[in-house]
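Structure file coords.tsv (TSV, C-alpha atoms) follows.
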```
chain	number	residue	atom	x	y	z
A	12	MET	CA	86.21	57.86	91.51
A	13	SER	CA	87.36	56.08	88.38
A	14	LEU	CA	85.27	53.76	86.27
A	15	GLN	CA	87.78	50.97	86.73
A	16	SER	CA	87.45	51.03	90.49
A	17	LEU	CA	83.70	50.74	90.19
A	18	LYS	CA	83.68	47.69	87.98
A	19	THR	CA	84.61	45.01	90.49
A	20	ARG	CA	81.54	42.83	90.50
A	21	ALA	CA	81.41	39.54	88.61
A	22	ASP	CA	80.17	39.85	85.06
A	23	PRO	CA	77.12	37.61	84.58
A	24	ALA	CA	77.33	37.81	80.81
A	25	SER	CA	80.70	37.56	79.19
A	26	VAL	CA	79.33	38.53	75.79
A	27	VAL	CA	76.71	41.20	75.21
A	28	ALA	CA	74.94	40.92	71.91
A	29	ASP	CA	75.03	43.98	69.71
A	30	ALA	CA	71.30	43.49	69.25
A	31	ALA	CA	70.53	44.06	72.92
A	32	SER	CA	68.34	47.08	73.46
A	33	ASP	CA	69.53	50.01	75.54
A	34	ALA	CA	67.05	49.07	78.26
A	35	GLU	CA	68.37	45.51	78.32
A	36	LEU	CA	71.90	46.85	78.59
A	37	LEU	CA	70.94	49.07	81.51
A	38	ARG	CA	69.37	46.12	83.29
A	39	ALA	CA	72.54	44.11	82.70
A	40	VAL	CA	74.65	47.02	83.95
A	41	ALA	CA	72.51	47.09	87.09
A	42	ASP	CA	73.40	43.43	87.54
A	43	GLY	CA	77.08	44.28	87.25
A	44	SER	CA	77.82	43.38	83.65
A	45	ASP	CA	81.04	44.96	82.45
A	46	ALA	CA	80.31	43.87	78.91
A	47	ALA	CA	76.93	45.57	78.95
A	48	PHE	CA	78.50	48.70	80.35
A	49	GLU	CA	81.16	48.76	77.65
A	50	GLU	CA	78.52	48.31	74.95
A	51	LEU	CA	76.42	51.09	76.43
A	52	ARG	CA	79.45	53.35	76.60
A	53	HIS	CA	80.30	52.53	73.00
A	54	ARG	CA	76.81	53.50	71.91
A	55	TYR	CA	76.40	56.65	73.99
A	56	ARG	CA	79.92	58.03	74.32
A	57	ARG	CA	79.46	60.60	71.56
A	58	ALA	CA	75.96	61.53	72.70
A	59	VAL	CA	77.09	62.04	76.29
A	60	GLU	CA	80.10	64.10	75.22
A	61	ARG	CA	77.98	66.18	72.88
A	62	THR	CA	75.47	66.93	75.62
A	63	CYS	CA	78.21	67.84	78.06
A	64	ARG	CA	79.78	70.19	75.53
A	65	SER	CA	76.43	71.79	74.77
A	66	ILE	CA	75.80	72.60	78.41
A	67	LEU	CA	79.28	73.37	79.65
A	68	ARG	CA	80.51	75.08	76.49
A	69	GLY	CA	83.93	73.62	76.98
A	70	SER	CA	85.83	70.45	77.69
A	71	ALA	CA	83.46	67.55	78.08
A	72	GLU	CA	85.94	64.94	79.23
A	73	ASP	CA	85.36	65.22	82.98
A	74	CYS	CA	81.63	65.53	82.51
A	75	ALA	CA	81.40	62.46	80.31
A	76	GLN	CA	83.55	60.48	82.71
A	77	GLU	CA	81.36	61.50	85.62
A	78	ALA	CA	78.20	60.73	83.66
A	79	PHE	CA	79.30	57.17	82.97
A	80	VAL	CA	80.27	56.72	86.61
A	81	ARG	CA	76.72	57.73	87.54
A	82	ILE	CA	75.27	55.43	84.91
A	83	TRP	CA	77.18	52.53	86.40
A	84	GLN	CA	76.11	53.46	89.90
A	85	LYS	CA	72.47	54.25	89.21
A	86	ALA	CA	71.50	51.84	86.43
A	87	ARG	CA	69.32	49.92	88.85
A	88	LEU	CA	67.12	53.00	89.20
A	89	PHE	CA	66.16	52.94	85.53
A	90	ASP	CA	62.49	52.07	85.14
A	91	PRO	CA	61.48	51.40	81.51
A	92	ARG	CA	57.83	52.04	82.39
A	93	ARG	CA	58.68	55.68	83.03
A	94	GLY	CA	60.52	56.39	79.81
A	95	SER	CA	63.07	55.23	77.32
A	96	ALA	CA	66.65	54.39	78.14
A	97	ALA	CA	67.84	57.25	75.96
A	98	ALA	CA	65.68	59.72	77.89
A	99	TRP	CA	67.00	58.42	81.21
A	100	LEU	CA	70.60	58.63	80.03
A	101	LEU	CA	70.06	62.13	78.68
A	102	THR	CA	68.50	63.32	81.94
A	103	LEU	CA	71.31	61.85	83.97
A	104	THR	CA	73.93	63.41	81.70
A	105	ARG	CA	72.24	66.80	81.83
A	106	ASN	CA	72.13	66.67	85.62
A	107	VAL	CA	75.80	65.80	85.79
A	108	ALA	CA	76.67	68.63	83.41
A	109	TYR	CA	74.55	71.18	85.28
A	110	ASN	CA	76.05	70.09	88.58
A	111	LEU	CA	79.55	70.41	87.23
A	112	GLY	CA	78.64	73.78	85.78
A	113	ALA	CA	77.28	74.88	89.15
A	114	LYS	CA	80.60	74.10	90.80
A	115	LYS	CA	82.39	76.31	88.32
A	116	GLU	CA	79.81	79.06	88.09
A	117	PRO	CA	78.28	80.47	91.27
A	118	GLU	CA	75.27	82.06	89.59
A	119	PRO	CA	72.64	79.40	89.11
A	120	ARG	CA	70.67	81.45	86.61
A	121	GLU	CA	73.36	80.94	84.06
A	122	LEU	CA	72.90	77.20	84.36
A	123	VAL	CA	69.38	77.27	83.00
A	124	PRO	CA	69.48	76.17	79.38
A	125	THR	CA	68.94	78.98	76.94
A	126	ASP	CA	66.54	78.78	74.03
A	127	ALA	CA	69.46	78.10	71.77
A	128	GLN	CA	70.46	75.15	73.92
A	129	ALA	CA	66.92	73.87	74.05
A	130	GLU	CA	66.87	73.88	70.25
A	131	ASP	CA	70.12	72.00	70.11
A	132	PRO	CA	69.21	68.60	68.69
A	133	GLY	CA	71.91	67.12	70.89
A	134	LEU	CA	69.83	68.10	73.90
A	135	SER	CA	66.64	66.43	72.71
A	136	VAL	CA	66.07	62.77	73.42
A	137	ASP	CA	65.93	61.92	69.72
A	138	GLY	CA	69.08	63.89	69.03
A	139	PHE	CA	70.77	62.24	72.00
A	140	TRP	CA	69.67	58.85	70.75
A	141	LEU	CA	70.93	59.52	67.21
A	142	ASP	CA	74.58	59.19	68.18
A	143	ALA	CA	73.86	55.87	69.88
A	144	GLY	CA	71.99	54.70	66.81
A	145	LEU	CA	74.85	55.67	64.52
A	146	ALA	CA	77.28	53.86	66.81
A	147	ARG	CA	75.35	50.64	66.24
A	148	LEU	CA	75.70	50.72	62.45
A	149	GLU	CA	78.36	48.92	60.51
A	150	PRO	CA	81.31	51.31	60.06
A	151	HIS	CA	80.85	51.61	56.29
A	152	GLU	CA	77.13	52.29	56.69
A	153	ARG	CA	77.82	54.99	59.27
A	154	GLN	CA	80.50	56.51	57.06
A	155	VAL	CA	78.32	56.93	53.98
A	156	ILE	CA	75.47	58.39	56.04
A	157	GLU	CA	77.77	60.87	57.76
A	158	LEU	CA	79.32	61.88	54.45
A	159	ALA	CA	75.88	62.34	52.89
A	160	TYR	CA	74.31	64.30	55.72
A	161	PHE	CA	77.17	66.02	57.54
A	162	ALA	CA	79.65	66.59	54.69
A	163	ASP	CA	76.82	67.19	52.21
A	164	LEU	CA	78.34	64.94	49.56
A	165	SER	CA	76.28	63.37	46.79
A	166	GLN	CA	76.32	59.62	46.51
A	167	THR	CA	78.50	59.93	43.42
A	168	GLN	CA	80.99	62.06	45.34
A	169	ILE	CA	80.95	59.55	48.20
A	170	ALA	CA	81.65	56.72	45.77
A	171	ASP	CA	84.58	58.66	44.34
A	172	ARG	CA	85.95	59.49	47.77
A	173	LEU	CA	85.70	55.93	49.07
A	174	GLY	CA	86.70	54.31	45.80
A	175	VAL	CA	83.69	52.03	45.67
A	176	PRO	CA	80.96	51.65	43.03
A	177	LEU	CA	77.97	53.97	43.21
A	178	GLY	CA	75.67	51.00	43.67
A	179	THR	CA	77.60	49.99	46.75
A	180	VAL	CA	77.17	53.45	48.26
A	181	LYS	CA	73.45	53.32	47.56
A	182	SER	CA	73.19	49.90	49.11
A	183	TRP	CA	75.13	50.89	52.23
A	184	THR	CA	73.05	54.05	52.60
A	185	ARG	CA	69.79	52.15	52.27
A	186	ARG	CA	70.85	49.53	54.79
A	187	GLY	CA	72.20	52.07	57.24
A	188	LEU	CA	69.13	54.31	57.16
A	189	ASN	CA	66.77	51.36	57.39
A	190	HIS	CA	68.77	50.00	60.31
A	191	LEU	CA	68.59	53.38	62.06
A	192	ALA	CA	64.84	53.57	61.47
A	193	THR	CA	64.37	50.08	62.85
A	194	LEU	CA	66.41	50.95	65.94
A	195	LEU	CA	64.41	54.14	66.41
A	196	GLY	CA	61.20	52.12	66.16
A	197	GLU	CA	62.44	49.71	68.80
A	198	GLU	CA	63.53	52.57	71.02
A	199	THR	CA	60.23	54.42	70.85
A	200	SER	CA	58.05	51.34	71.20
A	201	ARG	CA	59.52	50.33	74.56
B	30	MET	CA	57.39	44.87	43.39
B	31	THR	CA	57.96	42.50	46.30
B	32	HIS	CA	57.67	43.65	49.87
B	33	ASP	CA	61.34	42.94	50.60
B	34	LEU	CA	62.49	45.00	47.64
B	35	ALA	CA	60.12	47.85	48.47
B	36	TYR	CA	61.18	47.82	52.12
B	37	GLU	CA	64.83	48.04	51.14
B	38	ARG	CA	64.19	50.90	48.73
B	39	LEU	CA	62.03	53.05	50.98
B	40	THR	CA	65.03	55.29	51.56
B	41	ASP	CA	64.88	56.31	47.89
B	42	LEU	CA	61.85	58.40	48.81
B	43	LEU	CA	64.11	60.52	51.01
B	44	PHE	CA	66.30	61.39	48.04
B	45	ASP	CA	63.72	62.56	45.53
B	46	ARG	CA	63.61	59.31	43.66
B	47	ASP	CA	59.92	58.63	43.23
B	48	ASP	CA	59.13	55.23	41.88
B	49	PRO	CA	55.47	54.52	40.99
B	50	ASP	CA	55.87	50.81	41.71
B	51	LEU	CA	57.41	51.56	45.09
B	52	LEU	CA	54.75	54.13	45.96
B	53	GLY	CA	52.06	51.71	44.86
B	54	HIS	CA	53.34	49.11	47.28
B	55	VAL	CA	53.74	51.58	50.13
B	56	GLY	CA	50.18	52.74	49.71
B	57	ASN	CA	48.93	49.30	50.57
B	58	CYS	CA	51.52	48.11	53.09
B	59	HIS	CA	51.29	49.19	56.72
B	60	VAL	CA	54.72	47.76	57.53
B	61	CYS	CA	56.34	49.93	54.85
B	62	GLN	CA	54.28	52.95	55.91
B	63	ARG	CA	55.52	52.61	59.48
B	64	GLN	CA	59.10	52.18	58.32
B	65	LEU	CA	58.77	55.23	56.05
B	66	PHE	CA	57.48	57.22	59.00
B	67	LEU	CA	60.52	56.16	61.06
B	68	LEU	CA	62.83	56.90	58.14
B	69	SER	CA	61.42	60.40	57.93
B	70	ARG	CA	62.23	60.93	61.61
B	71	VAL	CA	65.76	59.63	61.10
B	72	ASP	CA	66.15	61.87	58.06
B	73	ARG	CA	64.98	64.88	60.06
B	74	LEU	CA	67.34	64.12	62.95
B	75	LEU	CA	70.28	63.75	60.60
B	76	ARG	CA	69.45	66.99	58.80
B	77	GLN	CA	69.16	68.80	62.14
B	78	ARG	CA	72.62	67.56	63.03
B	79	ARG	CA	74.04	68.84	59.74
B	80	PRO	CA	76.32	71.86	60.19
B	81	ARG	CA	74.19	74.95	59.63
B	82	THR	CA	76.45	76.31	56.91
B	83	ARG	CA	76.01	73.14	54.90
B	84	ARG	CA	72.28	72.71	55.20
B	85	ARG	CA	70.57	72.61	51.85
B	86	THR	CA	67.07	72.05	50.69
B	87	ARG	CA	66.14	68.44	50.41
B	88	ARG	CA	62.70	66.94	50.42
B	89	SER	CA	61.35	67.31	53.91
B	90	LEU	CA	59.12	64.49	55.07
B	91	GLU	CA	57.93	66.45	58.09
B	92	PRO	CA	54.35	66.59	56.78
B	93	LEU	CA	54.53	62.87	56.34
B	94	ALA	CA	55.71	62.48	59.88
B	95	ILE	CA	52.71	64.46	61.02
B	96	ALA	CA	50.19	62.81	58.78
B	97	ALA	CA	51.92	59.47	59.17
B	98	VAL	CA	51.03	57.86	55.87
B	99	THR	CA	50.54	60.30	53.02
B	100	ALA	CA	52.29	57.85	50.76
B	101	ALA	CA	49.02	56.00	50.52
B	102	ALA	CA	47.60	58.99	48.72
B	103	ILE	CA	50.45	59.14	46.28
B	104	ALA	CA	50.09	55.51	45.42
B	105	VAL	CA	46.39	55.77	44.69
B	106	ALA	CA	46.85	58.90	42.66
B	107	VAL	CA	49.63	57.47	40.56
B	108	ALA	CA	47.21	54.98	39.07
B	109	LEU	CA	45.17	57.70	37.42
B	110	PRO	CA	45.99	58.01	33.74
B	111	GLN	CA	44.61	61.27	32.32
B	112	ARG	CA	46.05	64.77	32.02
B	113	HIS	CA	44.76	67.58	34.21
B	114	GLU	CA	44.53	71.08	32.83
B	115	ALA	CA	43.41	73.16	35.79
B	116	ALA	CA	46.19	75.31	37.28
B	117	SER	CA	45.07	75.98	40.84
B	118	ALA	CA	41.93	75.71	42.90
B	119	ARG	CA	40.94	76.19	46.54
B	120	PHE	CA	38.23	74.36	48.39
B	121	ALA	CA	36.67	74.69	51.81
B	122	LEU	CA	35.30	71.55	53.38
B	123	LYS	CA	32.26	72.12	55.58
B	124	THR	CA	30.27	70.01	57.96
B	125	ASP	CA	26.54	69.55	57.54
B	126	GLY	CA	26.16	72.42	60.00
B	127	GLY	CA	28.14	74.72	57.73
B	128	SER	CA	31.32	74.92	59.80
B	129	ILE	CA	34.54	74.95	57.82
B	130	VAL	CA	36.78	72.24	59.26
B	131	ALA	CA	39.32	71.98	56.46
B	132	ARG	CA	40.65	73.78	53.43
B	133	ALA	CA	42.38	72.25	50.45
B	134	GLN	CA	44.41	73.83	47.71
B	135	VAL	CA	45.17	71.99	44.51
B	136	GLN	CA	48.13	73.41	42.67
B	137	ARG	CA	50.25	72.28	39.78
B	138	SER	CA	53.65	71.32	41.15
B	139	ASP	CA	55.30	70.50	37.83
B	140	ALA	CA	54.40	69.56	34.30
B	141	GLU	CA	53.03	66.20	35.28
B	142	ASN	CA	51.90	66.54	38.86
B	143	GLU	CA	49.72	68.51	41.19
B	144	SER	CA	49.94	68.91	44.91
B	145	VAL	CA	47.01	68.92	47.28
B	146	ALA	CA	47.65	70.88	50.46
B	147	LEU	CA	45.15	70.13	53.19
B	148	VAL	CA	44.78	72.12	56.39
B	149	ALA	CA	42.26	70.70	58.83
B	150	GLU	CA	41.11	72.24	62.09
B	151	GLY	CA	38.60	70.98	64.58
B	152	LEU	CA	37.85	67.60	63.11
B	153	PRO	CA	36.43	65.24	65.74
B	154	THR	CA	39.00	62.85	67.16
B	155	GLN	CA	36.39	60.22	67.91
B	156	PRO	CA	35.71	57.52	66.88
B	157	SER	CA	38.92	57.79	64.87
B	158	ASP	CA	41.71	60.31	64.51
B	159	THR	CA	42.62	58.99	61.09
B	160	TYR	CA	40.71	60.29	58.11
B	161	LEU	CA	40.48	59.81	54.38
B	162	LEU	CA	40.32	62.67	51.89
B	163	TRP	CA	38.23	61.69	48.90
B	164	THR	CA	37.55	63.14	45.51
B	165	GLN	CA	35.49	62.14	42.54
B	166	GLY	CA	36.81	60.88	39.24
B	167	SER	CA	35.90	63.31	36.45
B	168	ASP	CA	34.93	60.61	34.01
B	169	ASP	CA	33.20	57.85	35.88
B	170	GLY	CA	32.41	59.76	39.05
B	171	GLU	CA	33.67	56.92	41.20
B	172	PRO	CA	34.98	58.00	44.63
B	173	LEU	CA	38.75	58.03	44.81
B	174	VAL	CA	40.92	58.25	47.91
B	175	VAL	CA	43.25	61.23	47.67
B	176	GLY	CA	45.02	60.37	50.89
B	177	ARG	CA	44.96	59.34	54.49
B	178	PHE	CA	45.84	61.72	57.28
B	179	MET	CA	45.94	61.79	61.04
B	180	VAL	CA	44.80	64.69	63.20
B	181	ASN	CA	46.19	65.69	66.56
B	182	HIS	CA	44.23	65.90	69.80
B	183	THR	CA	42.56	69.15	68.68
B	184	GLY	CA	41.53	67.67	65.38
B	185	ALA	CA	44.09	69.65	63.42
B	186	CYS	CA	46.42	68.48	60.71
B	187	ARG	CA	48.51	69.78	57.83
B	188	ALA	CA	49.14	67.30	55.08
B	189	ARG	CA	50.23	67.41	51.49
B	190	PHE	CA	49.40	64.87	48.86
B	191	ASN	CA	50.76	64.40	45.40
B	192	LEU	CA	48.51	63.92	42.40
B	193	PRO	CA	49.62	63.31	38.87
B	194	GLY	CA	48.05	66.01	36.72
B	195	THR	CA	45.67	63.59	35.17
B	196	ARG	CA	42.12	64.75	35.86
B	197	HIS	CA	39.85	67.52	37.06
B	198	PRO	CA	39.31	67.06	40.75
B	199	GLY	CA	35.80	68.10	41.53
B	200	ARG	CA	34.14	67.52	44.84
B	201	PHE	CA	36.23	66.70	47.90
B	202	TRP	CA	35.02	65.11	51.11
B	203	ILE	CA	36.42	63.67	54.32
B	204	THR	CA	35.41	60.51	56.14
B	205	PRO	CA	36.83	58.66	59.12
B	206	SER	CA	39.14	55.95	57.85
B	207	THR	CA	37.08	53.41	59.71
B	208	GLN	CA	33.77	54.62	58.26
B	209	PRO	CA	34.22	55.52	54.60
B	210	ALA	CA	30.49	56.07	54.21
B	211	ALA	CA	30.23	58.62	57.03
B	212	ILE	CA	31.00	61.99	55.47
B	213	VAL	CA	32.31	64.41	58.08
B	214	ALA	CA	32.82	67.37	55.78
B	215	SER	CA	32.61	68.08	52.07
B	216	THR	CA	33.04	70.86	49.51
```
Please, can you express the file's structure as structure tokens?
Amino acid sequence: MSLQSLKTRADPASVVADAASDAELLRAVADGSDAAFEELRHRYRRAVERTCRSILRGSAEDCAQEAFVRIWQKARLFDPRRGSAAAWLLTLTRNVAYNLGAKKEPEPRELVPTDAQAEDPGLSVDGFWLDAGLARLEPHERQVIELAYFADLSQTQIADRLGVPLGTVKSWTRRGLNHLATLLGEETSR
Amino acid sequence: MTHDLAYERLTDLLFDRDDPDLLGHVGNCHVCQRQLFLLSRVDRLLRQRRPRTRRRTRRSLEPLAIAAVTAAAIAVAVALPQRHEAASARFALKTDGGSIVARAQVQRSDAENESVALVAEGLPTQPSDTYLLWTQGSDDGEPLVVGRFMVNHTGACRARFNLPGTRHPGRFWITPSTQPAAIVAST
């Protein structure tokens, strides 16, 4: 089943604010909002793909596609009193990945996550959420944070690479990290 | 330093840029303390995501995440003006009944600063799970807050505080944060 064929209901909200929480997006998706679904997919695409890759150790495309189909179908089952949206999305994605893995691999024992997988930050709720948080930053804020943490560049090196003043890099980094922390606070307080 | 400016610059504490004015504000601002706690979690998540071959040592705020608000201790300590000459000292903190519930080690961390490492075990979690570590000024003997820390459900905690090397810490004691007069344990 394709995502397009699923999205046939009327969209009650033509515009979904970037500021909407993940839980609010899931509620809107349950009500049939295409815009909410697209925003949710924008935020969690990398996290879902990363989780699929971690579990299946291979191509994540089918898994991610199937995960978002399930999200669209089952959003109404999300209950914020039982946990965060990120935790619900991670659980659903894991289940999809394990089910897909089971179809390929007849021995269920091999589908149990290993210690190494359990330590994979992509498989923790916070690690899963991180990609969604990064996706909500302004592109330049995300870029300087990724260069600082993932490429291990100093702020001076980042300034040189991007051709912007050092003060600008510091400002973008501060804003991006503070924005991420604020989003994490909102996520964990729900 | 204004709150808005301090709030914006909290991230500097992740990159080894200690600013006494900033720390002084954080020590008295619960909003900034909470944001710093969240920033430390974000920092940890980002460092975990870093490719293993590129991971390098950067200040880890994990103890801060556990103790929640050790910055308060730094801010109080920064205000102390004298030089400390002792190199290292260990203390056991005991209850009135003689049970050791915490140990502290004071160690010079650089030419100007000392670190206080506190390991607590079995502190009561009621009526509060947040405690203050106190010491006594060497000159005037006035009680000084070294730092605030939070214990887990078993009453355990590991926290580290920063002290400028400005005085001879003498007696240490612990009180609930809500009852500064009720000494739970002391050296």
Checklist entry - Between B:Leu74, B:Val55, B:Met30, B:Val60, which one has atoms that come closest to chain A, using all atoms listed in the file? => result B:Leu74
With 5 Å of padding per side, what axis-aligned box (centre and edge lengths, Å, one decimal) covers all the listed atoms of range 180-192 of chain A? Give it as AutoDock Vina command-line options.
```
--center_x 71.0 --center_y 51.9 --center_z 54.8 --size_x 22.3 --size_y 14.8 --size_z 24.5
```
Checklist outcome for this item: re CA of Ser157 in chain B and CA of Arg63 in chain B: distance 18.2 Å
What residues in chain A lie within 7 Å of chain B, counting only C-alpha atoms, written as a short mmCIF file (atom, residue, chain, number, x, y, z; two decimals) with C-alpha atoms, in the frame of the given file?
```cif
data_model
loop_
_atom_site.label_atom_id
_atom_site.label_comp_id
_atom_site.auth_asym_id
_atom_site.auth_seq_id
_atom_site.Cartn_x
_atom_site.Cartn_y
_atom_site.Cartn_z
CA PRO A 132 69.21 68.60 68.69
CA GLY A 138 69.08 63.89 69.03
CA TYR A 160 74.31 64.30 55.72
CA PHE A 161 77.17 66.02 57.54
CA ASP A 163 76.82 67.19 52.21
CA ARG A 185 69.79 52.15 52.27
CA LEU A 188 69.13 54.31 57.16
CA ASN A 189 66.77 51.36 57.39
CA LEU A 191 68.59 53.38 62.06
CA ALA A 192 64.84 53.57 61.47
CA LEU A 195 64.41 54.14 66.41
CA GLY A 196 61.20 52.12 66.16
#
```
Next on the checklist: Which polymer residues, whether protein, DNA or RNA, lie within 6 Å of the coordinate (40.5, 70.7, 63.1) when you count only C-alpha atoms? List them as a ChimeraX atom specification, using the chain letters and numbers from the file.
Outcome noted: /B:130,149-152,184-185
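As for CA of Asp158 in chain B and CA of Ala121 in chain B, they are spaced 19.8 Å apart.
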Just the residues within 8 Å of Thr204 in chain B, please, counting only C-alpha atoms, with nothing from its chain fewer than 4 positions along; format it as a compact mmCIF listing (two decimals) with C-alpha atoms, in the frame of the given file.
```txt
# COMPACT_ATOMS: atom_id res chain seq x y z
CA TYR B 160 40.71 60.29 58.11
CA LEU B 161 40.48 59.81 54.38
CA LEU B 162 40.32 62.67 51.89
CA TRP B 163 38.23 61.69 48.90
CA GLN B 208 33.77 54.62 58.26
CA PRO B 209 34.22 55.52 54.60
CA ALA B 210 30.49 56.07 54.21
CA ALA B 211 30.23 58.62 57.03
CA ILE B 212 31.00 61.99 55.47
CA VAL B 213 32.31 64.41 58.08
CA ALA B 214 32.82 67.37 55.78
```
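We find CA of Asn106 in chain A and CA of Phe79 in chain A to be spaced 12.2 Å apart.
Considering the residues B:Gly176, B:Phe44, B:Gln155, B:Arg132 and counting only C-alpha atoms, Gln166 in chain A has its shortest atom-to-atom contact with B:Phe44.
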Checklist entry - Out of A:Leu101, A:Ala30, A:Ala39, A:Cys63, which residue has the shortest atom-to-atom distance to Thr193 in chain A when counting all atoms listed in the file? => result A:Ala30
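Distance annotation: of A:Trp140, A:Tyr55, A:Phe48, A:Phe89, the residue with the minimal separation from Thr199 in chain A is A:Trp140; atom set is only C-alpha atoms.
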Counting all atoms listed in the file, which residues have an atom no more than 10 Å from (78.6, 68.0, 77.5) in the file's coordinates? Please list them as a CSV table (one decimal) with C-alpha atoms, in the frame of the given file.
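File produced: result.csv:
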```
chain,number,residue,atom,x,y,z
A,57,ARG,CA,79.5,60.6,71.6
A,58,ALA,CA,76.0,61.5,72.7
A,59,VAL,CA,77.1,62.0,76.3
A,60,GLU,CA,80.1,64.1,75.2
A,61,ARG,CA,78.0,66.2,72.9
A,62,THR,CA,75.5,66.9,75.6
A,63,CYS,CA,78.2,67.8,78.1
A,64,ARG,CA,79.8,70.2,75.5
A,65,SER,CA,76.4,71.8,74.8
A,66,ILE,CA,75.8,72.6,78.4
A,67,LEU,CA,79.3,73.4,79.6
A,68,ARG,CA,80.5,75.1,76.5
A,69,GLY,CA,83.9,73.6,77.0
A,70,SER,CA,85.8,70.4,77.7
A,71,ALA,CA,83.5,67.6,78.1
A,72,GLU,CA,85.9,64.9,79.2
A,73,ASP,CA,85.4,65.2,83.0
A,74,CYS,CA,81.6,65.5,82.5
A,75,ALA,CA,81.4,62.5,80.3
A,78,ALA,CA,78.2,60.7,83.7
A,104,THR,CA,73.9,63.4,81.7
A,105,ARG,CA,72.2,66.8,81.8
A,107,VAL,CA,75.8,65.8,85.8
A,108,ALA,CA,76.7,68.6,83.4
A,109,TYR,CA,74.6,71.2,85.3
A,133,GLY,CA,71.9,67.1,70.9
A,134,LEU,CA,69.8,68.1,73.9
```
Next on the checklist: Which residues are near Arg200 in chain B? Cut-off 8 Å, all atoms listed in the file, ignore same chain within fewer than 5 positions. Put them as a ChimeraX atom specification.
Outcome noted: /B:164-165,215-216
